[in-house]
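Enquirer: mmCIF, C-alpha atoms, saved as input24.cif, coming up:
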data_run
loop_
_atom_site.group_PDB
_atom_site.id
_atom_site.type_symbol
_atom_site.label_atom_id
_atom_site.label_comp_id
_atom_site.auth_asym_id
_atom_site.auth_seq_id
_atom_site.Cartn_x
_atom_site.Cartn_y
_atom_site.Cartn_z
ATOM 1 C CA MET L 1 23.260 -57.935 11.493
ATOM 2 C CA ILE L 2 25.376 -57.157 14.566
ATOM 3 C CA SER L 3 28.614 -57.842 12.692
ATOM 4 C CA THR L 4 27.500 -55.528 9.861
ATOM 5 C CA PHE L 5 26.719 -52.789 12.376
ATOM 6 C CA LYS L 6 30.144 -53.259 13.991
ATOM 7 C CA ARG L 7 31.860 -53.017 10.619
ATOM 8 C CA LEU L 8 29.958 -49.847 9.749
ATOM 9 C CA THR L 9 30.792 -48.366 13.147
ATOM 10 C CA ALA L 10 34.475 -49.214 12.702
ATOM 11 C CA MET L 11 34.463 -47.661 9.224
ATOM 12 C CA ALA L 12 32.835 -44.483 10.552
ATOM 13 C CA ARG L 13 35.380 -44.239 13.370
ATOM 14 C CA ALA L 14 38.246 -44.721 10.940
ATOM 15 C CA TYR L 15 36.796 -42.100 8.601
ATOM 16 C CA ALA L 16 36.363 -39.626 11.473
ATOM 17 C CA HIS L 17 39.798 -40.278 13.003
ATOM 18 C CA HIS L 18 42.317 -37.441 12.947
ATOM 19 C CA PRO L 19 45.379 -36.708 15.111
ATOM 20 C CA ASP L 20 44.166 -33.150 15.713
ATOM 21 C CA PRO L 21 41.460 -33.387 18.418
ATOM 22 C CA ARG L 22 39.560 -30.376 17.077
ATOM 23 C CA VAL L 23 39.432 -31.843 13.598
ATOM 24 C CA ALA L 24 38.416 -35.212 15.038
ATOM 25 C CA ALA L 25 35.630 -33.443 16.947
ATOM 26 C CA ALA L 26 34.423 -31.713 13.770
ATOM 27 C CA ASN L 27 34.458 -35.054 11.973
ATOM 28 C CA MET L 28 32.468 -36.752 14.730
ATOM 29 C CA ILE L 29 29.871 -33.967 14.897
ATOM 30 C CA SER L 30 29.451 -33.941 11.118
ATOM 31 C CA LEU L 31 28.887 -37.699 10.947
ATOM 32 C CA LEU L 32 26.471 -37.544 13.882
ATOM 33 C CA VAL L 33 24.389 -34.889 12.125
ATOM 34 C CA ALA L 34 24.488 -36.771 8.810
ATOM 35 C CA SER L 35 23.444 -40.032 10.478
ATOM 36 C CA ASN L 36 20.459 -38.333 12.123
ATOM 37 C CA GLN L 37 19.174 -36.607 8.990
ATOM 38 C CA PRO L 38 17.390 -39.717 7.599
ATOM 39 C CA PHE L 39 15.261 -39.819 10.754
ATOM 40 C CA TYR L 40 13.980 -36.250 10.378
ATOM 41 C CA PRO L 41 11.167 -37.142 7.916
ATOM 42 C CA LEU L 42 10.135 -39.955 10.258
ATOM 43 C CA TYR L 43 9.967 -37.545 13.199
ATOM 44 C CA LEU L 44 7.767 -35.215 11.163
ATOM 45 C CA TRP L 45 5.497 -38.047 10.074
ATOM 46 C CA TRP L 46 5.163 -39.339 13.624
ATOM 47 C CA LEU L 47 4.703 -35.966 15.353
ATOM 48 C CA MET L 48 2.832 -33.928 12.787
ATOM 49 C CA SER L 49 1.637 -34.946 9.373
ATOM 50 C CA ALA L 50 1.749 -37.591 6.675
ATOM 51 C CA ASP L 51 2.860 -34.861 4.251
ATOM 52 C CA ILE L 52 6.634 -34.866 4.703
ATOM 53 C CA THR L 53 7.529 -33.833 1.164
ATOM 54 C CA ALA L 54 9.453 -30.772 2.291
ATOM 55 C CA ALA L 55 11.636 -32.842 4.620
ATOM 56 C CA TRP L 56 13.260 -34.691 1.721
ATOM 57 C CA PHE L 57 14.901 -31.459 0.537
ATOM 58 C CA THR L 58 16.918 -31.325 3.769
ATOM 59 C CA PHE L 59 19.000 -34.210 2.382
ATOM 60 C CA LEU L 60 20.620 -31.687 0.028
ATOM 61 C CA SER L 61 22.963 -30.807 2.905
ATOM 62 C CA THR L 62 23.883 -34.410 3.789
ATOM 63 C CA PRO L 63 26.802 -34.701 1.301
ATOM 64 C CA PHE L 64 28.381 -31.592 2.802
ATOM 65 C CA PHE L 65 28.285 -33.030 6.328
ATOM 66 C CA LEU L 66 29.653 -36.348 5.066
ATOM 67 C CA ALA L 67 32.470 -34.546 3.230
ATOM 68 C CA VAL L 68 33.865 -32.838 6.345
ATOM 69 C CA PRO L 69 36.393 -35.581 7.276
ATOM 70 C CA ALA L 70 37.572 -35.934 3.659
ATOM 71 C CA VAL L 71 38.045 -32.183 3.268
ATOM 72 C CA ALA L 72 39.787 -31.962 6.660
ATOM 73 C CA ARG L 73 42.387 -34.508 5.530
ATOM 74 C CA ARG L 74 43.377 -32.143 2.737
ATOM 75 C CA ASN L 75 43.008 -28.889 4.646
ATOM 76 C CA SER L 76 42.322 -28.789 8.379
ATOM 77 C CA ILE L 77 40.851 -25.293 8.423
ATOM 78 C CA ALA L 78 38.626 -25.896 5.393
ATOM 79 C CA GLY L 79 37.314 -29.133 6.881
ATOM 80 C CA ARG L 80 36.472 -27.529 10.193
ATOM 81 C CA ALA L 81 34.892 -24.506 8.493
ATOM 82 C CA LEU L 82 32.740 -26.749 6.308
ATOM 83 C CA LEU L 83 30.860 -28.091 9.349
ATOM 84 C CA PRO L 84 29.292 -24.804 10.553
ATOM 85 C CA LEU L 85 28.856 -23.680 6.942
ATOM 86 C CA ALA L 86 26.885 -26.842 6.166
ATOM 87 C CA GLY L 87 24.850 -26.315 9.325
ATOM 88 C CA ILE L 88 24.065 -22.710 8.457
ATOM 89 C CA GLY L 89 23.132 -23.670 4.906
ATOM 90 C CA ASN L 90 20.871 -26.457 6.130
ATOM 91 C CA THR L 91 19.204 -24.088 8.597
ATOM 92 C CA VAL L 92 18.511 -21.494 5.917
ATOM 93 C CA LEU L 93 17.107 -24.180 3.622
ATOM 94 C CA SER L 94 14.906 -25.553 6.422
ATOM 95 C CA ALA L 95 13.645 -22.087 7.349
ATOM 96 C CA TRP L 96 12.561 -21.608 3.735
ATOM 97 C CA LEU L 97 10.986 -25.075 3.620
ATOM 98 C CA PHE L 98 9.118 -24.984 6.939
ATOM 99 C CA GLY L 99 8.890 -21.290 7.807
ATOM 100 C CA THR L 100 10.259 -19.440 10.810
ATOM 101 C CA ALA L 101 7.289 -20.585 12.908
ATOM 102 C CA SER L 102 9.019 -23.977 13.003
ATOM 103 C CA ALA L 103 11.768 -22.422 15.187
ATOM 104 C CA VAL L 104 14.341 -24.188 12.993
ATOM 105 C CA GLU L 105 16.532 -21.084 13.129
ATOM 106 C CA ILE L 106 17.473 -22.171 16.666
ATOM 107 C CA PHE L 107 20.078 -24.405 14.984
ATOM 108 C CA LEU L 108 22.071 -21.267 14.204
ATOM 109 C CA VAL L 109 23.023 -21.222 17.901
ATOM 110 C CA PRO L 110 24.916 -24.547 17.892
ATOM 111 C CA CYS L 111 26.391 -23.547 14.516
ATOM 112 C CA GLY L 112 27.874 -20.447 16.138
ATOM 113 C CA ILE L 113 29.056 -22.372 19.200
ATOM 114 C CA ILE L 114 30.705 -25.024 17.029
ATOM 115 C CA ALA L 115 32.470 -22.321 15.016
ATOM 116 C CA LEU L 116 33.825 -20.741 18.220
ATOM 117 C CA LEU L 117 35.121 -24.060 19.576
ATOM 118 C CA LEU L 118 36.668 -25.585 16.467
ATOM 119 C CA PHE L 119 39.406 -23.018 15.954
ATOM 120 C CA ARG L 120 42.453 -22.158 18.047
ATOM 121 C CA PRO L 121 43.222 -18.607 19.270
ATOM 122 C CA HIS L 122 45.528 -17.888 16.317
ATOM 123 C CA GLU L 123 42.714 -18.993 13.982
ATOM 124 C CA ARG L 124 40.152 -16.742 15.644
ATOM 125 C CA VAL L 125 39.402 -14.841 12.448
ATOM 126 C CA PHE L 126 37.716 -17.969 11.077
ATOM 127 C CA SER L 127 35.670 -18.651 14.193
ATOM 128 C CA LEU L 128 34.502 -15.050 14.480
ATOM 129 C CA ALA L 129 33.639 -14.819 10.782
ATOM 130 C CA LEU L 130 31.592 -18.040 10.876
ATOM 131 C CA THR L 131 29.840 -17.056 14.095
ATOM 132 C CA ALA L 132 29.034 -13.635 12.651
ATOM 133 C CA LEU L 133 27.643 -15.370 9.562
ATOM 134 C CA ALA L 134 25.394 -17.599 11.706
ATOM 135 C CA PHE L 135 23.851 -14.699 13.574
ATOM 136 C CA GLY L 136 23.891 -12.404 10.539
ATOM 137 C CA VAL L 137 21.779 -14.951 8.676
ATOM 138 C CA PHE L 138 19.171 -14.764 11.414
ATOM 139 C CA LEU L 139 19.158 -10.963 11.551
ATOM 140 C CA LEU L 140 19.067 -10.472 7.780
ATOM 141 C CA LEU L 141 16.919 -13.362 6.569
ATOM 142 C CA HIS L 142 14.432 -14.000 9.361
ATOM 143 C CA ASP L 143 11.653 -11.929 7.801
ATOM 144 C CA THR L 144 12.502 -12.561 4.146
ATOM 145 C CA TYR L 145 11.681 -16.236 3.530
ATOM 146 C CA GLY L 146 8.131 -15.617 2.432
ATOM 147 C CA GLN L 147 5.596 -18.421 2.108
ATOM 148 C CA PRO L 148 7.123 -21.748 3.225
ATOM 149 C CA LEU L 149 6.944 -24.822 1.049
ATOM 150 C CA ALA L 150 5.254 -26.758 3.860
ATOM 151 C CA LEU L 151 2.206 -25.336 5.612
ATOM 152 C CA TYR L 152 0.928 -26.704 8.925
ATOM 153 C CA ASP L 153 -1.656 -25.693 11.470
ATOM 154 C CA ALA L 154 -0.820 -24.102 14.835
ATOM 155 C CA THR L 155 -0.702 -27.425 16.697
ATOM 156 C CA GLU L 156 1.619 -28.965 14.125
ATOM 157 C CA TYR L 157 3.910 -25.937 14.151
ATOM 158 C CA ALA L 158 4.068 -26.131 17.945
ATOM 159 C CA ALA L 159 5.125 -29.795 17.691
ATOM 160 C CA LEU L 160 7.740 -28.962 15.049
ATOM 161 C CA ALA L 161 9.075 -26.091 17.136
ATOM 162 C CA ARG L 162 9.431 -28.406 20.156
ATOM 163 C CA LEU L 163 11.238 -30.966 18.009
ATOM 164 C CA ASN L 164 13.700 -28.372 16.713
ATOM 165 C CA LEU L 165 14.287 -26.839 20.133
ATOM 166 C CA VAL L 166 14.972 -30.236 21.706
ATOM 167 C CA SER L 167 17.201 -31.309 18.807
ATOM 168 C CA ALA L 168 19.242 -28.098 18.872
ATOM 169 C CA SER L 169 19.604 -28.339 22.655
ATOM 170 C CA MET L 170 20.786 -31.952 22.441
ATOM 171 C CA LEU L 171 23.296 -31.057 19.722
ATOM 172 C CA THR L 172 24.615 -28.169 21.811
ATOM 173 C CA ALA L 173 24.925 -30.425 24.861
ATOM 174 C CA PHE L 174 26.770 -33.072 22.826
ATOM 175 C CA VAL L 175 29.196 -30.489 21.455
ATOM 176 C CA THR L 176 29.953 -29.021 24.886
ATOM 177 C CA ILE L 177 30.476 -32.486 26.418
ATOM 178 C CA LEU L 178 32.763 -33.415 23.529
ATOM 179 C CA PHE L 179 34.905 -30.322 23.960
ATOM 180 C CA SER L 180 34.887 -30.719 27.726
ATOM 181 C CA GLY L 181 36.533 -34.094 27.141
ATOM 182 C CA ILE L 182 39.109 -32.509 24.834
ATOM 183 C CA LEU L 183 39.915 -29.901 27.482
ATOM 184 C CA ALA L 184 40.208 -32.555 30.181
ATOM 185 C CA GLN L 185 42.589 -34.574 27.989
ATOM 186 C CA ALA L 186 44.718 -31.472 27.387
ATOM 187 C CA GLU L 187 44.863 -30.805 31.135
ATOM 188 C CA ARG L 188 45.928 -34.404 31.846
ATOM 189 C CA SER L 189 48.656 -34.123 29.208
ATOM 190 C CA ALA L 190 49.852 -30.841 30.707
ATOM 191 C CA ASP L 191 49.901 -32.358 34.210
ATOM 192 C CA ALA L 192 51.847 -35.380 32.976
ATOM 193 C CA THR L 193 54.388 -33.130 31.247
ATOM 194 C CA GLY L 194 54.737 -31.036 34.399
ATOM 195 C CA HIS L 195 55.357 -34.112 36.544
ATOM 196 C CA LYS L 196 58.017 -35.361 34.137
ATOM 197 C CA LYS L 197 59.815 -32.008 34.229
ATOM 198 C CA ALA L 198 59.567 -31.863 38.005
ATOM 199 C CA GLY L 199 61.022 -35.380 38.244
#
Take the structure I supplied and represent it as structure tokens, if you would.

Expert:
Amino acid sequence: MISTFKRLTAMARAYAHHPDPRVAAANMISLLVASNQPFYPLYLWWLMSADITAAWFTFLSTPFFLAVPAVARRNSIAGRALLPLAGIGNTVLSAWLFGTASAVEIFLVPCGIIALLLFRPHERVFSLALTALAFGVFLLLHDTYGQPLALYDATEYAALARLNLVSASMLTAFVTILFSGILAQAERSADATGHKKAG
């Protein structure tokens, strides 16, 4: 069991590996999200209701998250762009499935943050376009979803909203810590280069 887990972990790391740290970060985030998606129906069942039918539709986005590293190997920009696009698409789908009372639209915030961090200054057009899409989706679609597929009572919606708020906050924290590490590594490399030149 442990050896199987180690092999799977090694395979995931190899799949996510990329010499470009921003691409590697996108790959890691995408695999983290994909690996957590199977637990979402369990969270709903445990916190709210035995009726978790709507949750199974969220797996429609899983292939897109899993495809990020493969796409990034062919085209770095396309691979990085696919991550926030998959996140935005999954958020829109979830808002239709569970309704805006579920507060699932909060995931548009980390989608926008990820889009801003994944691209370099000369690629800013992509980051700004994806961030604008994330917040445009909220502004334009928030009141247009209609009757959700899943209906819950006020207590259940409160539990679902807490789950989504905590999950989005944890994702945002993970992303910022990840990019803080990338920045620290860049600073160490710059310091090392400066010392070599000074020597």

Enquirer: Run the PyMOL selection byres ((chain L and resi 137-140) around 12) on the file and write out the hits as a ChimeraX atom specification.

Expert: /L:85,87-93,95,100,103-109,111-112,130-136,141-145

Enquirer: Generate a file of the selected residues that holds C-alpha atoms, formatted as a PDB file, keeping the file's coordinate frame.

Expert:
ATOM      1  CA  LEU L  85      28.856 -23.680   6.942  1.00  0.00           C
ATOM      2  CA  GLY L  87      24.850 -26.315   9.325  1.00  0.00           C
ATOM      3  CA  ILE L  88      24.065 -22.710   8.457  1.00  0.00           C
ATOM      4  CA  GLY L  89      23.132 -23.670   4.906  1.00  0.00           C
ATOM      5  CA  ASN L  90      20.871 -26.457   6.130  1.00  0.00           C
ATOM      6  CA  THR L  91      19.204 -24.088   8.597  1.00  0.00           C
ATOM      7  CA  VAL L  92      18.511 -21.494   5.917  1.00  0.00           C
ATOM      8  CA  LEU L  93      17.107 -24.180   3.622  1.00  0.00           C
ATOM      9  CA  ALA L  95      13.645 -22.087   7.349  1.00  0.00           C
ATOM     10  CA  THR L 100      10.259 -19.440  10.810  1.00  0.00           C
ATOM     11  CA  ALA L 103      11.768 -22.422  15.187  1.00  0.00           C
ATOM     12  CA  VAL L 104      14.341 -24.188  12.993  1.00  0.00           C
ATOM     13  CA  GLU L 105      16.532 -21.084  13.129  1.00  0.00           C
ATOM     14  CA  ILE L 106      17.473 -22.171  16.666  1.00  0.00           C
ATOM     15  CA  PHE L 107      20.078 -24.405  14.984  1.00  0.00           C
ATOM     16  CA  LEU L 108      22.071 -21.267  14.204  1.00  0.00           C
ATOM     17  CA  VAL L 109      23.023 -21.222  17.901  1.00  0.00           C
ATOM     18  CA  CYS L 111      26.391 -23.547  14.516  1.00  0.00           C
ATOM     19  CA  GLY L 112      27.874 -20.447  16.138  1.00  0.00           C
ATOM     20  CA  LEU L 130      31.592 -18.040  10.876  1.00  0.00           C
ATOM     21  CA  THR L 131      29.840 -17.056  14.095  1.00  0.00           C
ATOM     22  CA  ALA L 132      29.034 -13.635  12.651  1.00  0.00           C
ATOM     23  CA  LEU L 133      27.643 -15.370   9.562  1.00  0.00           C
ATOM     24  CA  ALA L 134      25.394 -17.599  11.706  1.00  0.00           C
ATOM     25  CA  PHE L 135      23.851 -14.699  13.574  1.00  0.00           C
ATOM     26  CA  GLY L 136      23.891 -12.404  10.539  1.00  0.00           C
ATOM     27  CA  LEU L 141      16.919 -13.362   6.569  1.00  0.00           C
ATOM     28  CA  HIS L 142      14.432 -14.000   9.361  1.00  0.00           C
ATOM     29  CA  ASP L 143      11.653 -11.929   7.801  1.00  0.00           C
ATOM     30  CA  THR L 144      12.502 -12.561   4.146  1.00  0.00           C
ATOM     31  CA  TYR L 145      11.681 -16.236   3.530  1.00  0.00           C
TER      32      TYR L 145
END

Enquirer: Spell out the residues picked by the PyMOL selection byres ((chain L and resi 97) around 8) here, as a list in words.

Expert: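 Listing what the PyMOL selection byres ((chain L and resi 97) around 8) selects in the shown file: Ala54, Ala55, Leu93, Ser94, Ala95, Trp96, Phe98, Gly99, Pro148, Leu149 and Ala150 of chain L.
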
Enquirer: Between L:Leu117, L:Met28, L:Leu47, L:Ala78, which one has atoms that come closest to Arg13 in chain L, using all atoms listed in the file?

Expert: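 The shortest atom-to-atom distance to Arg13 in chain L comes from L:Met28.
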
Enquirer: Neighbours of range 60-77 of chain L within 7 Å (all atoms listed in the file; same-chain residues fewer than 3 positions away dropped), as a list of chain:residue names?

Expert: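 Residues near the query, excluding close chain neighbours: L:Tyr15, L:Ala16, L:Val23, L:Asn27, L:Ser30, L:Leu31, L:Ala34, L:Phe57, L:Arg80, L:Ala81, L:Leu82, L:Leu83, L:Ala86, L:Asn90.
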
Enquirer: Have a look at L:Leu183, L:Ala168, L:Leu163, L:Ala173 and name the one nearest to Trp46 in chain L; count all atoms listed in the file.

Expert: L:Leu163

Enquirer: Specify as a list in words each residue included when the PyMOL selection byres ((chain L and resi 118) around 9) is applied to this file.

Expert: Arg22, Val23, Ala25, Ala26, Arg80, Ala81, Ile113, Ile114, Ala115, Leu116, Leu117, Phe119, Arg120 and Ser127 of chain L

Enquirer: Using all atoms listed in the file, can you tell me which of L:Asp51, L:Leu32, L:Trp45, L:Gly79 comes closest to Leu151 in chain L?

Expert: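 The shortest atom-to-atom distance to Leu151 in chain L comes from L:Asp51.
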
Enquirer: Rounded to one decimal place, report the CA of Gln37 in chain L-CA of Asn164 in chain L distance in Å.

Expert: 12.5 Å

Enquirer: Just how far from CA of Asn36 in chain L is CA of Met170 in chain L, in Å to one decimal?

Expert: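 Between CA of Met170 in chain L and CA of Asn36 in chain L the gap works out to 12.1 Å.
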
Enquirer: State, in Å with one decimal place, the distance from CA of Thr172 in chain L to CA of Pro84 in chain L.

Expert: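 That distance, rounded to one decimal, is 12.6 Å.
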
Enquirer: Given the choices L:Ala129, L:Pro41, L:Leu160, L:Ala12, which gets closest to Ala24 in chain L if the distance is worked out from all atoms listed in the file?

Expert: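 That would be L:Ala12, the residue with the smallest distance to Ala24 in chain L.
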
Enquirer: Which is closer to Tyr157 in chain L than all the others in L:Leu171, L:Met48, L:Ala14, L:Leu128, using only C-alpha atoms?

Expert: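 Selected residue with least distance to Tyr157 in chain L: L:Met48.
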
Enquirer: From the options L:Val175, L:Leu44, L:Val33, L:Ala184, which residue's atoms come nearest to Phe59 in chain L, counting only C-alpha atoms?

Expert: L:Val33

Enquirer: Identify the residues within 12 Å of coordinate (43.3, -31.8, 25.8) (same frame as the file), considering all atoms listed in the file, and give the answer as a list of chain:residue names.

Expert: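 The residues near that point, listed by chain and number, are L:Pro19, L:Asp20, L:Pro21, L:Arg22, L:Ala25, L:Leu178, L:Phe179, L:Ser180, L:Gly181, L:Ile182, L:Leu183, L:Ala184, L:Gln185, L:Ala186, L:Glu187, L:Arg188, L:Ser189, L:Ala190, L:Asp191, L:Ala192.
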
Enquirer: Starting from the incomplete input, reconstruct all heavy atoms of range 67-78 of chain L and report them as a PDB file, in the coordinates of the input.

Expert:
ATOM      1  N   ALA L  67      31.185 -34.911   3.841  1.00  0.00           N
ATOM      2  CA  ALA L  67      32.470 -34.546   3.230  1.00  0.00           C
ATOM      3  C   ALA L  67      33.452 -33.928   4.216  1.00  0.00           C
ATOM      4  O   ALA L  67      34.645 -33.807   3.899  1.00  0.00           O
ATOM      5  CB  ALA L  67      32.230 -33.581   2.069  1.00  0.00           C
ATOM      6  N   VAL L  68      32.994 -33.540   5.398  1.00  0.00           N
ATOM      7  CA  VAL L  68      33.865 -32.838   6.345  1.00  0.00           C
ATOM      8  C   VAL L  68      35.162 -33.593   6.628  1.00  0.00           C
ATOM      9  O   VAL L  68      36.255 -33.018   6.512  1.00  0.00           O
ATOM     10  CB  VAL L  68      33.108 -32.511   7.653  1.00  0.00           C
ATOM     11  CG1 VAL L  68      34.070 -32.057   8.749  1.00  0.00           C
ATOM     12  CG2 VAL L  68      32.064 -31.429   7.398  1.00  0.00           C
ATOM     13  N   PRO L  69      35.122 -34.887   7.004  1.00  0.00           N
ATOM     14  CA  PRO L  69      36.393 -35.581   7.276  1.00  0.00           C
ATOM     15  C   PRO L  69      37.319 -35.640   6.056  1.00  0.00           C
ATOM     16  O   PRO L  69      38.543 -35.511   6.192  1.00  0.00           O
ATOM     17  CB  PRO L  69      35.943 -36.984   7.701  1.00  0.00           C
ATOM     18  CG  PRO L  69      34.552 -36.804   8.208  1.00  0.00           C
ATOM     19  CD  PRO L  69      33.964 -35.758   7.320  1.00  0.00           C
ATOM     20  N   ALA L  70      36.757 -35.859   4.870  1.00  0.00           N
ATOM     21  CA  ALA L  70      37.572 -35.934   3.659  1.00  0.00           C
ATOM     22  C   ALA L  70      38.240 -34.591   3.369  1.00  0.00           C
ATOM     23  O   ALA L  70      39.431 -34.534   3.032  1.00  0.00           O
ATOM     24  CB  ALA L  70      36.715 -36.370   2.475  1.00  0.00           C
ATOM     25  N   VAL L  71      37.477 -33.515   3.498  1.00  0.00           N
ATOM     26  CA  VAL L  71      38.045 -32.183   3.268  1.00  0.00           C
ATOM     27  C   VAL L  71      39.105 -31.864   4.320  1.00  0.00           C
ATOM     28  O   VAL L  71      40.162 -31.295   4.011  1.00  0.00           O
ATOM     29  CB  VAL L  71      36.925 -31.112   3.275  1.00  0.00           C
ATOM     30  CG1 VAL L  71      37.523 -29.704   3.193  1.00  0.00           C
ATOM     31  CG2 VAL L  71      35.958 -31.350   2.128  1.00  0.00           C
ATOM     32  N   ALA L  72      38.849 -32.256   5.570  1.00  0.00           N
ATOM     33  CA  ALA L  72      39.787 -31.962   6.660  1.00  0.00           C
ATOM     34  C   ALA L  72      41.125 -32.663   6.465  1.00  0.00           C
ATOM     35  O   ALA L  72      42.156 -32.166   6.926  1.00  0.00           O
ATOM     36  CB  ALA L  72      39.171 -32.370   7.992  1.00  0.00           C
ATOM     37  N   ARG L  73      41.125 -33.816   5.788  1.00  0.00           N
ATOM     38  CA  ARG L  73      42.387 -34.508   5.530  1.00  0.00           C
ATOM     39  C   ARG L  73      43.261 -33.712   4.568  1.00  0.00           C
ATOM     40  O   ARG L  73      44.491 -33.796   4.612  1.00  0.00           O
ATOM     41  CB  ARG L  73      42.120 -35.905   4.959  1.00  0.00           C
ATOM     42  CG  ARG L  73      41.662 -36.901   6.011  1.00  0.00           C
ATOM     43  CD  ARG L  73      41.640 -38.328   5.459  1.00  0.00           C
ATOM     44  NE  ARG L  73      41.330 -39.267   6.523  1.00  0.00           N
ATOM     45  CZ  ARG L  73      40.114 -39.632   6.878  1.00  0.00           C
ATOM     46  NH1 ARG L  73      39.076 -39.103   6.239  1.00  0.00           N
ATOM     47  NH2 ARG L  73      39.917 -40.483   7.858  1.00  0.00           N
ATOM     48  N   ARG L  74      42.630 -32.961   3.696  1.00  0.00           N
ATOM     49  CA  ARG L  74      43.377 -32.143   2.737  1.00  0.00           C
ATOM     50  C   ARG L  74      43.728 -30.774   3.310  1.00  0.00           C
ATOM     51  O   ARG L  74      44.811 -30.248   3.059  1.00  0.00           O
ATOM     52  CB  ARG L  74      42.573 -31.970   1.448  1.00  0.00           C
ATOM     53  CG  ARG L  74      42.395 -33.253   0.661  1.00  0.00           C
ATOM     54  CD  ARG L  74      41.579 -33.018  -0.593  1.00  0.00           C
ATOM     55  NE  ARG L  74      41.522 -34.202  -1.426  1.00  0.00           N
ATOM     56  CZ  ARG L  74      42.421 -34.533  -2.349  1.00  0.00           C
ATOM     57  NH1 ARG L  74      43.462 -33.745  -2.531  1.00  0.00           N
ATOM     58  NH2 ARG L  74      42.293 -35.618  -3.059  1.00  0.00           N
ATOM     59  N   ASN L  75      42.781 -30.224   4.067  1.00  0.00           N
ATOM     60  CA  ASN L  75      43.008 -28.889   4.646  1.00  0.00           C
ATOM     61  C   ASN L  75      42.232 -28.812   5.958  1.00  0.00           C
ATOM     62  O   ASN L  75      40.994 -28.815   5.941  1.00  0.00           O
ATOM     63  CB  ASN L  75      42.558 -27.802   3.675  1.00  0.00           C
ATOM     64  CG  ASN L  75      42.910 -26.406   4.163  1.00  0.00           C
ATOM     65  OD1 ASN L  75      42.433 -25.957   5.209  1.00  0.00           O
ATOM     66  ND2 ASN L  75      43.750 -25.715   3.419  1.00  0.00           N
ATOM     67  N   SER L  76      42.944 -28.749   7.053  1.00  0.00           N
ATOM     68  CA  SER L  76      42.322 -28.789   8.379  1.00  0.00           C
ATOM     69  C   SER L  76      41.335 -27.652   8.586  1.00  0.00           C
ATOM     70  O   SER L  76      40.219 -27.858   9.079  1.00  0.00           O
ATOM     71  CB  SER L  76      43.417 -28.729   9.448  1.00  0.00           C
ATOM     72  OG  SER L  76      42.877 -28.462  10.722  1.00  0.00           O
ATOM     73  N   ILE L  77      41.718 -26.450   8.209  1.00  0.00           N
ATOM     74  CA  ILE L  77      40.851 -25.293   8.423  1.00  0.00           C
ATOM     75  C   ILE L  77      39.596 -25.386   7.557  1.00  0.00           C
ATOM     76  O   ILE L  77      38.477 -25.142   8.021  1.00  0.00           O
ATOM     77  CB  ILE L  77      41.613 -23.987   8.145  1.00  0.00           C
ATOM     78  CG1 ILE L  77      42.681 -23.754   9.222  1.00  0.00           C
ATOM     79  CG2 ILE L  77      40.652 -22.795   8.088  1.00  0.00           C
ATOM     80  CD1 ILE L  77      43.545 -22.540   8.992  1.00  0.00           C
ATOM     81  N   ALA L  78      39.771 -25.776   6.297  1.00  0.00           N
ATOM     82  CA  ALA L  78      38.626 -25.896   5.393  1.00  0.00           C
ATOM     83  C   ALA L  78      37.650 -26.961   5.885  1.00  0.00           C
ATOM     84  O   ALA L  78      36.428 -26.772   5.834  1.00  0.00           O
ATOM     85  CB  ALA L  78      39.104 -26.221   3.983  1.00  0.00           C
TER      86      ALA L  78
END
